[in-house]
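Undergrad: My file is protein-v6.txt. It has compact mmCIF, C-alpha atoms:
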# COMPACT_ATOMS: atom_id res chain seq x y z
CA MET A 1 -28.45 -16.04 -7.81
CA THR A 2 -27.82 -14.49 -11.22
CA THR A 3 -24.46 -16.23 -11.41
CA LYS A 4 -25.91 -19.76 -11.22
CA LYS A 5 -27.48 -20.06 -14.63
CA ILE A 6 -24.29 -19.23 -16.53
CA MET A 7 -22.07 -21.68 -14.65
CA LYS A 8 -23.53 -25.01 -15.69
CA ILE A 9 -21.78 -27.69 -17.66
CA PRO A 10 -24.09 -28.20 -20.69
CA LYS A 11 -25.99 -31.46 -21.15
CA GLN A 12 -24.20 -32.35 -24.39
CA ALA A 13 -20.78 -32.17 -22.67
CA LYS A 14 -18.83 -35.44 -22.36
CA LYS A 15 -16.58 -36.34 -19.45
CA VAL A 16 -13.14 -36.75 -21.03
CA PHE A 17 -11.17 -37.23 -17.79
CA ASP A 18 -12.20 -38.54 -14.38
CA GLY A 19 -9.84 -37.22 -11.67
CA VAL A 20 -9.49 -37.34 -7.89
CA ILE A 21 -10.84 -33.81 -7.36
CA PHE A 22 -11.27 -32.49 -10.92
CA ASP A 23 -13.23 -34.04 -13.81
CA THR A 24 -12.84 -32.57 -17.30
CA TYR A 25 -15.78 -32.06 -19.70
CA GLN A 26 -15.71 -31.02 -23.37
CA TRP A 27 -18.32 -30.20 -26.02
CA GLU A 28 -18.61 -28.63 -29.45
CA GLN A 29 -19.90 -25.08 -28.94
CA GLU A 30 -21.68 -23.16 -31.68
CA MET A 31 -20.21 -19.66 -31.93
CA PHE A 32 -21.95 -16.37 -32.83
CA ASP A 33 -20.97 -16.79 -36.51
CA GLY A 34 -22.23 -20.42 -36.75
CA THR A 35 -18.79 -22.09 -36.62
CA THR A 36 -18.01 -24.53 -33.79
CA GLU A 37 -15.14 -24.79 -31.28
CA THR A 38 -14.22 -27.34 -28.61
CA PHE A 39 -15.16 -25.86 -25.24
CA GLU A 40 -13.89 -27.24 -21.95
CA ARG A 41 -15.08 -27.04 -18.36
CA ILE A 42 -13.86 -28.55 -15.12
CA HIS A 43 -16.09 -30.03 -12.45
CA ARG A 44 -14.50 -29.77 -9.03
CA ALA A 45 -15.63 -32.04 -6.17
CA PRO A 46 -18.13 -30.11 -4.00
CA SER A 47 -17.19 -28.71 -0.61
CA VAL A 48 -18.80 -27.36 2.56
CA GLU A 49 -17.82 -24.76 5.12
CA CYS A 50 -19.51 -23.60 8.30
CA ILE A 51 -19.77 -20.52 10.42
CA ALA A 52 -19.98 -22.26 13.78
CA ILE A 53 -21.39 -20.16 16.62
CA VAL A 54 -20.28 -20.78 20.22
CA ASP A 55 -22.07 -18.24 22.48
CA ASP A 56 -20.83 -14.84 21.18
CA LYS A 57 -17.84 -16.30 19.31
CA ILE A 58 -17.18 -17.99 15.94
CA ILE A 59 -14.95 -21.03 15.40
CA THR A 60 -11.99 -20.29 13.11
CA LEU A 61 -9.09 -22.57 12.23
CA GLU A 62 -5.37 -22.23 11.60
CA GLN A 63 -4.43 -25.09 9.26
CA LYS A 64 -1.32 -26.68 7.81
CA GLN A 65 -1.27 -29.19 4.97
CA PRO A 66 1.59 -31.33 3.60
CA THR A 67 1.81 -29.33 0.34
CA ARG A 68 1.59 -25.84 1.85
CA GLU A 69 4.50 -24.24 3.70
CA ASP A 70 2.48 -21.70 5.68
CA TRP A 71 -0.25 -22.01 8.26
CA TYR A 72 -3.42 -20.48 6.86
CA PRO A 73 -6.77 -19.46 8.36
CA SER A 74 -10.09 -21.02 7.34
CA LEU A 75 -13.52 -22.02 8.54
CA PRO A 76 -14.25 -25.65 9.49
CA GLY A 77 -15.19 -27.64 6.38
CA GLY A 78 -13.89 -29.81 3.58
CA ARG A 79 -14.74 -31.98 0.63
CA ILE A 80 -18.14 -33.70 0.46
CA ASP A 81 -17.81 -37.49 0.19
CA GLU A 82 -19.33 -39.23 -2.86
CA GLY A 83 -23.11 -39.35 -2.37
CA GLU A 84 -22.99 -37.53 0.97
CA GLU A 85 -25.61 -34.84 1.78
CA PRO A 86 -24.00 -31.39 2.25
CA VAL A 87 -25.50 -31.06 5.75
CA LYS A 88 -24.08 -34.46 6.79
CA ALA A 89 -20.69 -33.47 5.39
CA VAL A 90 -20.59 -30.20 7.28
CA ALA A 91 -21.57 -31.89 10.59
CA ARG A 92 -18.88 -34.55 10.01
CA GLU A 93 -16.16 -32.01 9.15
CA LEU A 94 -17.04 -29.79 12.13
CA LEU A 95 -16.86 -32.74 14.52
CA GLU A 96 -13.62 -34.15 13.03
CA GLU A 97 -11.80 -30.83 12.82
CA THR A 98 -12.95 -29.27 16.09
CA GLY A 99 -14.76 -31.82 18.30
CA TYR A 100 -17.86 -29.56 18.28
CA THR A 101 -21.45 -30.40 17.34
CA ALA A 102 -24.23 -27.92 16.52
CA LYS A 103 -27.84 -27.78 17.67
CA SER A 104 -28.83 -26.92 14.06
CA PHE A 105 -27.30 -26.28 10.64
CA GLU A 106 -28.85 -23.62 8.41
CA LEU A 107 -27.81 -23.40 4.74
CA TYR A 108 -26.58 -19.83 4.31
CA ARG A 109 -25.08 -19.77 0.80
CA GLU A 110 -24.79 -22.08 -2.18
CA TYR A 111 -22.35 -21.28 -4.99
CA SER A 112 -21.62 -23.04 -8.26
CA GLY A 113 -18.16 -21.81 -9.27
CA THR A 114 -16.94 -19.72 -12.17
CA SER A 115 -17.83 -19.86 -15.86
CA LYS A 116 -14.97 -22.33 -16.52
CA ILE A 117 -14.86 -24.32 -13.28
CA HIS A 118 -18.10 -25.79 -11.98
CA PHE A 119 -17.59 -26.04 -8.21
CA PRO A 120 -20.56 -26.49 -5.84
CA GLU A 121 -19.86 -24.90 -2.46
CA TYR A 122 -22.21 -24.78 0.52
CA ILE A 123 -21.87 -22.48 3.51
CA PHE A 124 -23.84 -23.35 6.63
CA ILE A 125 -24.45 -21.49 9.84
CA ALA A 126 -23.95 -23.95 12.71
CA LYS A 127 -25.98 -22.64 15.64
CA ASN A 128 -25.41 -23.23 19.34
CA CYS A 129 -22.24 -25.34 19.08
CA LYS A 130 -20.88 -27.38 22.00
CA LYS A 131 -17.61 -29.27 22.41
CA VAL A 132 -18.37 -32.98 22.75
CA SER A 133 -15.09 -34.72 21.88
CA GLU A 134 -11.48 -34.28 20.84
CA GLN A 135 -10.37 -33.39 17.31
CA ASN A 136 -10.09 -36.43 15.02
CA ILE A 137 -8.23 -35.33 11.89
CA ASP A 138 -6.56 -37.30 9.16
CA SER A 139 -2.91 -37.74 8.24
CA GLY A 140 -2.92 -34.77 5.88
CA GLU A 141 -3.93 -32.00 8.27
CA LYS A 142 -2.72 -30.05 11.30
CA ILE A 143 -5.41 -27.82 12.74
CA ASN A 144 -5.59 -25.33 15.61
CA VAL A 145 -9.07 -24.33 16.74
CA LYS A 146 -9.77 -20.75 17.85
CA LEU A 147 -12.84 -18.89 19.12
CA SER A 148 -12.93 -15.52 17.35
CA THR A 149 -14.97 -12.37 17.83
CA PHE A 150 -17.15 -11.21 14.92
CA ASP A 151 -14.58 -8.54 14.02
CA GLU A 152 -11.72 -11.06 14.06
CA PHE A 153 -13.90 -13.33 11.90
CA VAL A 154 -14.61 -10.74 9.17
CA ASN A 155 -10.98 -9.58 9.14
CA MET A 156 -9.72 -13.17 8.75
CA PHE A 157 -11.03 -13.10 5.15
CA ARG A 158 -8.68 -10.21 4.28
CA ASN A 159 -5.68 -12.49 4.93
CA LYS A 160 -4.30 -13.46 1.50
CA LEU A 161 -3.75 -17.04 2.67
CA CYS A 162 -7.33 -17.48 3.95
CA ALA A 163 -8.78 -20.62 2.34
CA THR A 164 -12.49 -20.11 1.76
CA SER A 165 -15.00 -19.72 -1.06
CA ILE A 166 -13.99 -16.71 -3.18
CA TYR A 167 -17.67 -15.76 -3.36
CA PHE A 168 -17.98 -15.68 0.39
CA LYS A 169 -14.79 -13.60 0.54
CA PHE A 170 -16.41 -11.09 -1.84
CA GLU A 171 -19.53 -11.01 0.35
CA ILE A 172 -17.39 -10.26 3.40
CA TYR A 173 -15.58 -7.45 1.53
CA GLU A 174 -18.95 -5.98 0.58
CA ALA A 175 -19.97 -6.11 4.28
CA LEU A 176 -16.69 -4.42 5.24
CA LEU A 177 -17.54 -1.61 2.79
CA ASP A 178 -21.09 -1.19 4.11
CA GLU A 179 -21.79 -0.95 7.86
CA LYS A 180 -25.46 -1.89 7.32
CA LYS A 181 -24.57 -5.18 5.54
CA LYS A 182 -22.04 -5.93 8.27
CA GLU A 183 -24.66 -5.44 11.01
CA GLU A 184 -27.16 -7.61 9.10
CA LEU A 185 -24.60 -10.41 8.85
CA LYS A 186 -23.76 -10.14 12.56
CA GLU A 187 -27.45 -10.25 13.46
CA LYS A 188 -28.04 -13.25 11.18
CA LEU A 189 -25.18 -15.17 12.79
CA PHE A 190 -25.98 -14.46 16.43
CA LYS A 191 -29.80 -14.50 16.27
CA LYS A 192 -31.10 -17.08 18.78
CA MET B 193 4.61 -12.86 -3.11
CA THR B 194 4.18 -15.26 -0.21
CA THR B 195 1.48 -17.11 -2.12
CA LYS B 196 3.73 -18.12 -5.03
CA LYS B 197 5.87 -20.73 -3.36
CA ILE B 198 2.91 -22.82 -2.17
CA MET B 199 1.12 -22.91 -5.51
CA LYS B 200 3.53 -24.87 -7.65
CA ILE B 201 2.86 -28.21 -9.20
CA PRO B 202 5.66 -30.42 -7.78
CA LYS B 203 8.43 -31.79 -10.04
CA GLN B 204 7.45 -35.42 -9.48
CA ALA B 205 3.87 -34.76 -10.71
CA LYS B 206 2.80 -36.48 -13.95
CA LYS B 207 0.47 -34.99 -16.52
CA VAL B 208 -2.46 -37.42 -16.61
CA PHE B 209 -4.72 -35.39 -18.94
CA ASP B 210 -3.93 -32.81 -21.60
CA GLY B 211 -6.94 -30.52 -22.17
CA VAL B 212 -7.82 -27.43 -24.21
CA ILE B 213 -7.54 -25.05 -21.25
CA PHE B 214 -6.93 -27.37 -18.29
CA ASP B 215 -4.21 -30.02 -17.86
CA THR B 216 -4.41 -32.43 -14.93
CA TYR B 217 -1.38 -33.50 -12.86
CA GLN B 218 -1.14 -36.17 -10.16
CA TRP B 219 1.53 -37.38 -7.75
CA GLU B 220 1.91 -39.52 -4.64
CA GLN B 221 2.15 -37.16 -1.67
CA GLU B 222 3.78 -38.17 1.62
CA MET B 223 1.49 -37.19 4.48
CA PHE B 224 2.44 -36.03 8.01
CA ASP B 225 2.20 -39.62 9.34
CA GLY B 226 4.39 -41.13 6.57
CA THR B 227 1.52 -42.66 4.53
CA THR B 228 0.95 -41.54 0.91
CA GLU B 229 -2.11 -40.27 -0.99
CA THR B 230 -2.73 -39.37 -4.63
CA PHE B 231 -2.76 -35.57 -4.90
CA GLU B 232 -4.11 -33.74 -7.92
CA ARG B 233 -3.57 -30.27 -9.34
CA ILE B 234 -4.85 -28.48 -12.42
CA HIS B 235 -2.75 -26.30 -14.68
CA ARG B 236 -4.86 -23.67 -16.42
CA ALA B 237 -3.64 -21.95 -19.58
CA PRO B 238 -2.08 -18.58 -18.62
CA SER B 239 -3.88 -15.31 -19.24
CA VAL B 240 -3.19 -11.57 -19.42
CA GLU B 241 -5.21 -8.46 -18.63
CA CYS B 242 -4.39 -4.79 -18.95
CA ILE B 243 -5.28 -1.53 -17.34
CA ALA B 244 -5.15 0.62 -20.46
CA ILE B 245 -4.80 4.36 -19.86
CA VAL B 246 -6.26 6.86 -22.35
CA ASP B 247 -5.55 10.38 -21.03
CA ASP B 248 -7.44 10.49 -17.67
CA LYS B 249 -9.61 7.44 -18.45
CA ILE B 250 -9.26 3.65 -18.32
CA ILE B 251 -10.50 1.24 -21.00
CA THR B 252 -13.16 -1.17 -19.68
CA LEU B 253 -15.19 -3.71 -21.64
CA GLU B 254 -18.72 -5.07 -21.62
CA GLN B 255 -18.51 -8.61 -23.04
CA LYS B 256 -20.83 -11.36 -24.14
CA GLN B 257 -19.76 -14.93 -24.88
CA PRO B 258 -21.69 -17.82 -26.48
CA THR B 259 -21.92 -19.75 -23.18
CA ARG B 260 -22.88 -16.84 -20.92
CA GLU B 261 -26.34 -15.30 -20.96
CA ASP B 262 -25.41 -11.95 -19.44
CA TRP B 263 -23.13 -9.18 -20.56
CA TYR B 264 -20.31 -8.86 -18.06
CA PRO B 265 -17.61 -6.23 -17.42
CA SER B 266 -13.89 -6.93 -17.74
CA LEU B 267 -10.54 -5.45 -18.65
CA PRO B 268 -9.04 -6.08 -22.10
CA GLY B 269 -7.15 -9.39 -22.10
CA GLY B 270 -7.38 -13.09 -22.79
CA ARG B 271 -5.55 -16.36 -23.05
CA ILE B 272 -1.83 -16.37 -23.89
CA ASP B 273 -1.11 -18.40 -27.04
CA GLU B 274 1.26 -21.39 -26.77
CA GLY B 275 4.83 -20.05 -26.52
CA GLU B 276 3.73 -16.39 -26.66
CA GLU B 277 5.38 -13.82 -24.36
CA PRO B 278 2.87 -12.28 -21.89
CA VAL B 279 3.68 -8.76 -23.12
CA LYS B 280 3.05 -9.78 -26.77
CA ALA B 281 -0.22 -11.41 -25.74
CA VAL B 282 -1.46 -8.34 -23.92
CA ALA B 283 -0.61 -6.02 -26.85
CA ARG B 284 -2.36 -8.43 -29.25
CA GLU B 285 -5.50 -8.74 -27.08
CA LEU B 286 -5.70 -4.96 -26.51
CA LEU B 287 -5.48 -4.29 -30.25
CA GLU B 288 -7.96 -7.05 -31.21
CA GLU B 289 -10.54 -6.22 -28.56
CA THR B 290 -10.36 -2.42 -28.67
CA GLY B 291 -8.32 -1.19 -31.66
CA TYR B 292 -5.95 0.60 -29.25
CA THR B 293 -2.15 0.37 -28.95
CA ALA B 294 -0.04 1.52 -25.99
CA LYS B 295 3.20 3.51 -25.89
CA SER B 296 4.48 1.09 -23.20
CA PHE B 297 3.37 -1.96 -21.20
CA GLU B 298 4.50 -2.27 -17.59
CA LEU B 299 4.00 -5.57 -15.73
CA TYR B 300 1.97 -4.65 -12.65
CA ARG B 301 1.06 -8.01 -11.09
CA GLU B 302 1.86 -11.68 -11.62
CA TYR B 303 -0.25 -14.34 -9.93
CA SER B 304 0.03 -18.12 -9.91
CA GLY B 305 -3.42 -19.35 -8.91
CA THR B 306 -4.68 -21.21 -5.88
CA SER B 307 -3.24 -24.19 -4.01
CA LYS B 308 -5.20 -26.60 -6.24
CA ILE B 309 -5.29 -24.76 -9.56
CA HIS B 310 -2.02 -23.46 -10.99
CA PHE B 311 -3.03 -20.49 -13.14
CA PRO B 312 -0.46 -17.89 -14.24
CA GLU B 313 -2.07 -14.47 -14.68
CA TYR B 314 -0.30 -11.25 -15.68
CA ILE B 315 -1.71 -7.77 -15.25
CA PHE B 316 -0.07 -4.97 -17.23
CA ILE B 317 -0.49 -1.23 -17.15
CA ALA B 318 -0.76 -0.02 -20.77
CA LYS B 319 0.38 3.61 -20.77
CA ASN B 320 -0.58 6.34 -23.21
CA CYS B 321 -3.00 4.35 -25.38
CA LYS B 322 -4.21 5.57 -28.79
CA LYS B 323 -6.89 4.21 -31.09
CA VAL B 324 -5.24 3.02 -34.32
CA SER B 325 -7.78 0.64 -35.87
CA GLU B 326 -11.17 -1.00 -35.54
CA GLN B 327 -11.91 -3.89 -33.21
CA ASN B 328 -11.02 -7.29 -34.70
CA ILE B 329 -12.59 -9.94 -32.51
CA ASP B 330 -13.23 -13.60 -33.07
CA SER B 331 -16.44 -15.56 -33.55
CA GLY B 332 -16.84 -16.25 -29.83
CA GLU B 333 -16.99 -12.69 -28.52
CA LYS B 334 -19.12 -9.54 -28.54
CA ILE B 335 -17.38 -6.60 -26.95
CA ASN B 336 -18.32 -2.98 -26.22
CA VAL B 337 -15.44 -0.65 -25.39
CA LYS B 338 -15.89 2.10 -22.79
CA LEU B 339 -13.66 4.81 -21.35
CA SER B 340 -14.19 4.86 -17.58
CA THR B 341 -13.14 7.20 -14.82
CA PHE B 342 -10.91 5.81 -12.05
CA ASP B 343 -13.93 5.55 -9.71
CA GLU B 344 -16.00 3.71 -12.33
CA PHE B 345 -12.98 1.43 -12.85
CA VAL B 346 -12.57 0.44 -9.18
CA ASN B 347 -16.32 -0.02 -8.73
CA MET B 348 -16.53 -2.29 -11.79
CA PHE B 349 -14.74 -5.00 -9.75
CA ARG B 350 -17.59 -5.05 -7.21
CA ASN B 351 -19.95 -6.32 -9.93
CA LYS B 352 -20.48 -10.04 -9.28
CA LEU B 353 -20.23 -10.79 -13.00
CA CYS B 354 -16.92 -8.96 -13.46
CA ALA B 355 -14.46 -11.36 -15.12
CA THR B 356 -10.97 -10.65 -13.81
CA SER B 357 -8.25 -12.23 -11.69
CA ILE B 358 -9.68 -12.94 -8.22
CA TYR B 359 -6.38 -11.72 -6.75
CA PHE B 360 -6.71 -8.38 -8.51
CA LYS B 361 -10.31 -8.17 -7.29
CA PHE B 362 -9.07 -8.66 -3.71
CA GLU B 363 -6.45 -5.93 -4.26
CA ILE B 364 -9.15 -3.53 -5.46
CA TYR B 365 -11.34 -4.35 -2.44
CA GLU B 366 -8.36 -3.61 -0.16
CA ALA B 367 -7.93 -0.26 -1.96
CA LEU B 368 -11.65 0.48 -1.51
CA LEU B 369 -11.20 -0.13 2.25
CA ASP B 370 -8.12 2.11 2.49
CA GLU B 371 -8.10 5.60 0.95
CA LYS B 372 -4.27 5.66 1.00
CA LYS B 373 -3.99 2.46 -1.06
CA LYS B 374 -6.62 3.78 -3.46
CA GLU B 375 -4.68 7.02 -3.99
CA GLU B 376 -1.43 5.08 -4.50
CA LEU B 377 -3.10 2.94 -7.18
CA LYS B 378 -4.53 6.01 -8.92
CA GLU B 379 -1.13 7.71 -8.89
CA LYS B 380 0.58 4.56 -10.21
CA LEU B 381 -1.90 4.33 -13.10
CA PHE B 382 -1.88 7.97 -14.18
CA LYS B 383 1.80 8.79 -13.54
CA LYS B 384 3.32 10.12 -16.78
Would you mind writing the structure in this file as structure tokens?

TA:
Amino acid sequence: MTTKKIMKIPKQAKKVFDGVIFDTYQWEQEMFDGTTETFERIHRAPSVECIAIVDDKIITLEQKQPTREDWYPSLPGGRIDEGEEPVKAVARELLEETGYTAKSFELYREYSGTSKIHFPEYIFIAKNCKKVSEQNIDSGEKINVKLSTFDEFVNMFRNKLCATSIYFKFEIYEALLDEKKKEELKEKLFKK
Amino acid sequence: MTTKKIMKIPKQAKKVFDGVIFDTYQWEQEMFDGTTETFERIHRAPSVECIAIVDDKIITLEQKQPTREDWYPSLPGGRIDEGEEPVKAVARELLEETGYTAKSFELYREYSGTSKIHFPEYIFIAKNCKKVSEQNIDSGEKINVKLSTFDEFVNMFRNKLCATSIYFKFEIYEALLDEKKKEELKEKLFKK
């Protein structure tokens, strides 16, 4: 992706604050005229999401969190634990949030955030999902699991409250503007 | 906006790091089961953008910054200085980046960021703009000024590198999906 190379936190940057979700980095940046300025970037803890396929449907969630007043739609997913592989994290989050497991996980997209906020995000396609247990969510979440059609799925991203990668949201909008891209996405998701 | 009420940094939050662009806040959040966890939010320095109207055209920029390899499109705008009024900031940025002044500035949108990153953003419509001076930009910017048609303007936001408010980008995508919304936006911008 063109966007990746411009998003990195430079090697000479120093971590000036170590947070729960956000770490702050600063460095002295040489400007076009040879002067220097203190530049700052944030590293946000990486996250995963998945498009989980159950026959001809896709798993979508309605979530509520302690700090948000409204229920909001999302895909299954969450923060990656320290040192955890993205694919392990996505399988864990899918099982915890929905009780489903997948026959396979295919990495579909990998993003790295904006120019000022470095934020690794991974989107997987979870193929051939089956329900194997009950939901097992933590104290900070309330989650309803739904099985949506492809059209319900793409339209979910138009909801202002939808919590997902902004880059994936832009991809969905581009598919909504172009029937061919939309069909390609549908085929990709439901291909056996 | 529905989104505003859920985005705030709570009163009991403490500033744990004071950065150049990003300040970090933390607080103990009561969860649904009565336990508590440390929650963290970022406050990002507020910014302004403007849709600057010159007869039947709109000012758009092609920018280059020291940390980004590619030229990228944007609207005129930038960071609001400490204690500066948003409308003063937008007039200042428009003049510095383009050499244009406006007869009037109308606040068009006000956003407050995501659930985890509090980020005030103001979008103004700058009516009846005239060129009064040369560009006067700082050491960290290279900027080409263009006069775009309305269609070039809306399509600029589909460019992956376009640097603008994500919320405004979503609004433009919604307008691209709905001819009526697109016409309303056009009318709003070019109304005398």

Undergrad: Quick one: residues within 9 Å of Met348 in chain B, all atoms listed in the file, excluding same-chain residues fewer than 3 positions away - as a PyMOL selection string?

TA: chain B and resi 252+265-266+343-345+351+354

Undergrad: Hey, what's within 10 Å of Pro10 in chain A if we count all atoms listed in the file and toss same-chain stuff fewer than 5 positions away? As a list in words, please?

TA: Tyr25, Gln26, Trp27, Gln29 and Arg41 of chain A; Thr259 of chain B

Undergrad: I want to know what sits within 9 Å of range 14-18 of chain A, based on only C-alpha atoms, with residues of the same chain fewer than 4 positions away left out; could you give that as a list in words?

TA: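 That gives Phe22, Asp23, Thr24, Tyr25, Gln26 and Trp27 of chain A; Val208, Phe209, Gly211 and Thr216 of chain B.
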
Undergrad: Do you know which residues are at most 7 Å from Tyr314 in chain B counting only C-alpha atoms, after dropping those on the same chain fewer than 6 positions away, and could you put them as a list in words?

TA: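 Selected residues are Ser239, Val240, Glu241, Arg301, Glu302 and Tyr303 of chain B.
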
Undergrad: Using only C-alpha atoms and a cut-off of 7 Å, which residues of chain A sit close to chain B? Please list them as an NGL selection string.

TA: :A and (6 or 17 or 20-21 or 31-33 or 40 or 66 or 68-69 or 139-140 or 173 or 177)

Undergrad: For the point (-17.5, -27.1, 23.0) in the file's frame, write as a list in words all residues with an atom no more than 8 Å away, counting all atoms listed in the file.

TA: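 Those residues lying close to the given coordinates are Val54, Gly99, Tyr100, Thr101, Cys129, Lys130, Lys131 and Val132 of chain A.
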
Undergrad: Skipping near chain neighbours, those fewer than 6 positions away, what residues fall within 12 Å of range 376-380 of chain B using all atoms listed in the file, listed as a ChimeraX atom specification?

TA: /B:243,245,248-250,298,300,316-319,341-343,345-346,360,363-368,370

Undergrad: Between CA of Leu94 in chain A and CA of Ile59 in chain A, what is the distance, to one decimal in Å?

TA: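 According to the coordinates, CA of Leu94 in chain A and CA of Ile59 in chain A are separated by 9.6 Å.
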
Undergrad: Using the file's own x, y and z axes, so that the box edges lie along x, y and z, what centre and edge lengths in Å (one decimal) does a box around every listed atom of range 124-133 of chain A get when 8 Å is added on each side? Give it as JSON.

TA:
{"center_x": -20.5, "center_y": -28.1, "center_z": 14.7, "size_x": 26.9, "size_y": 29.2, "size_z": 32.1}

Undergrad: Provide the CA of Pro86 in chain A to CA of Val145 in chain A distance in Å, to one decimal place.

TA: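 About the pair CA of Pro86 in chain A and CA of Val145 in chain A: they are 22.0 Å apart.
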
Undergrad: What does the distance from CA of Lys181 in chain A to CA of Asn155 in chain A come to in Å, to one decimal?

TA: 14.7 Å

Undergrad: When distances are computed from all atoms listed in the file, which of A:Ala45, A:Lys182, A:Leu189, A:Glu134 shows the smallest separation from Leu107 in chain A?

TA: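 Smallest separation from Leu107 in chain A among the options: A:Leu189.
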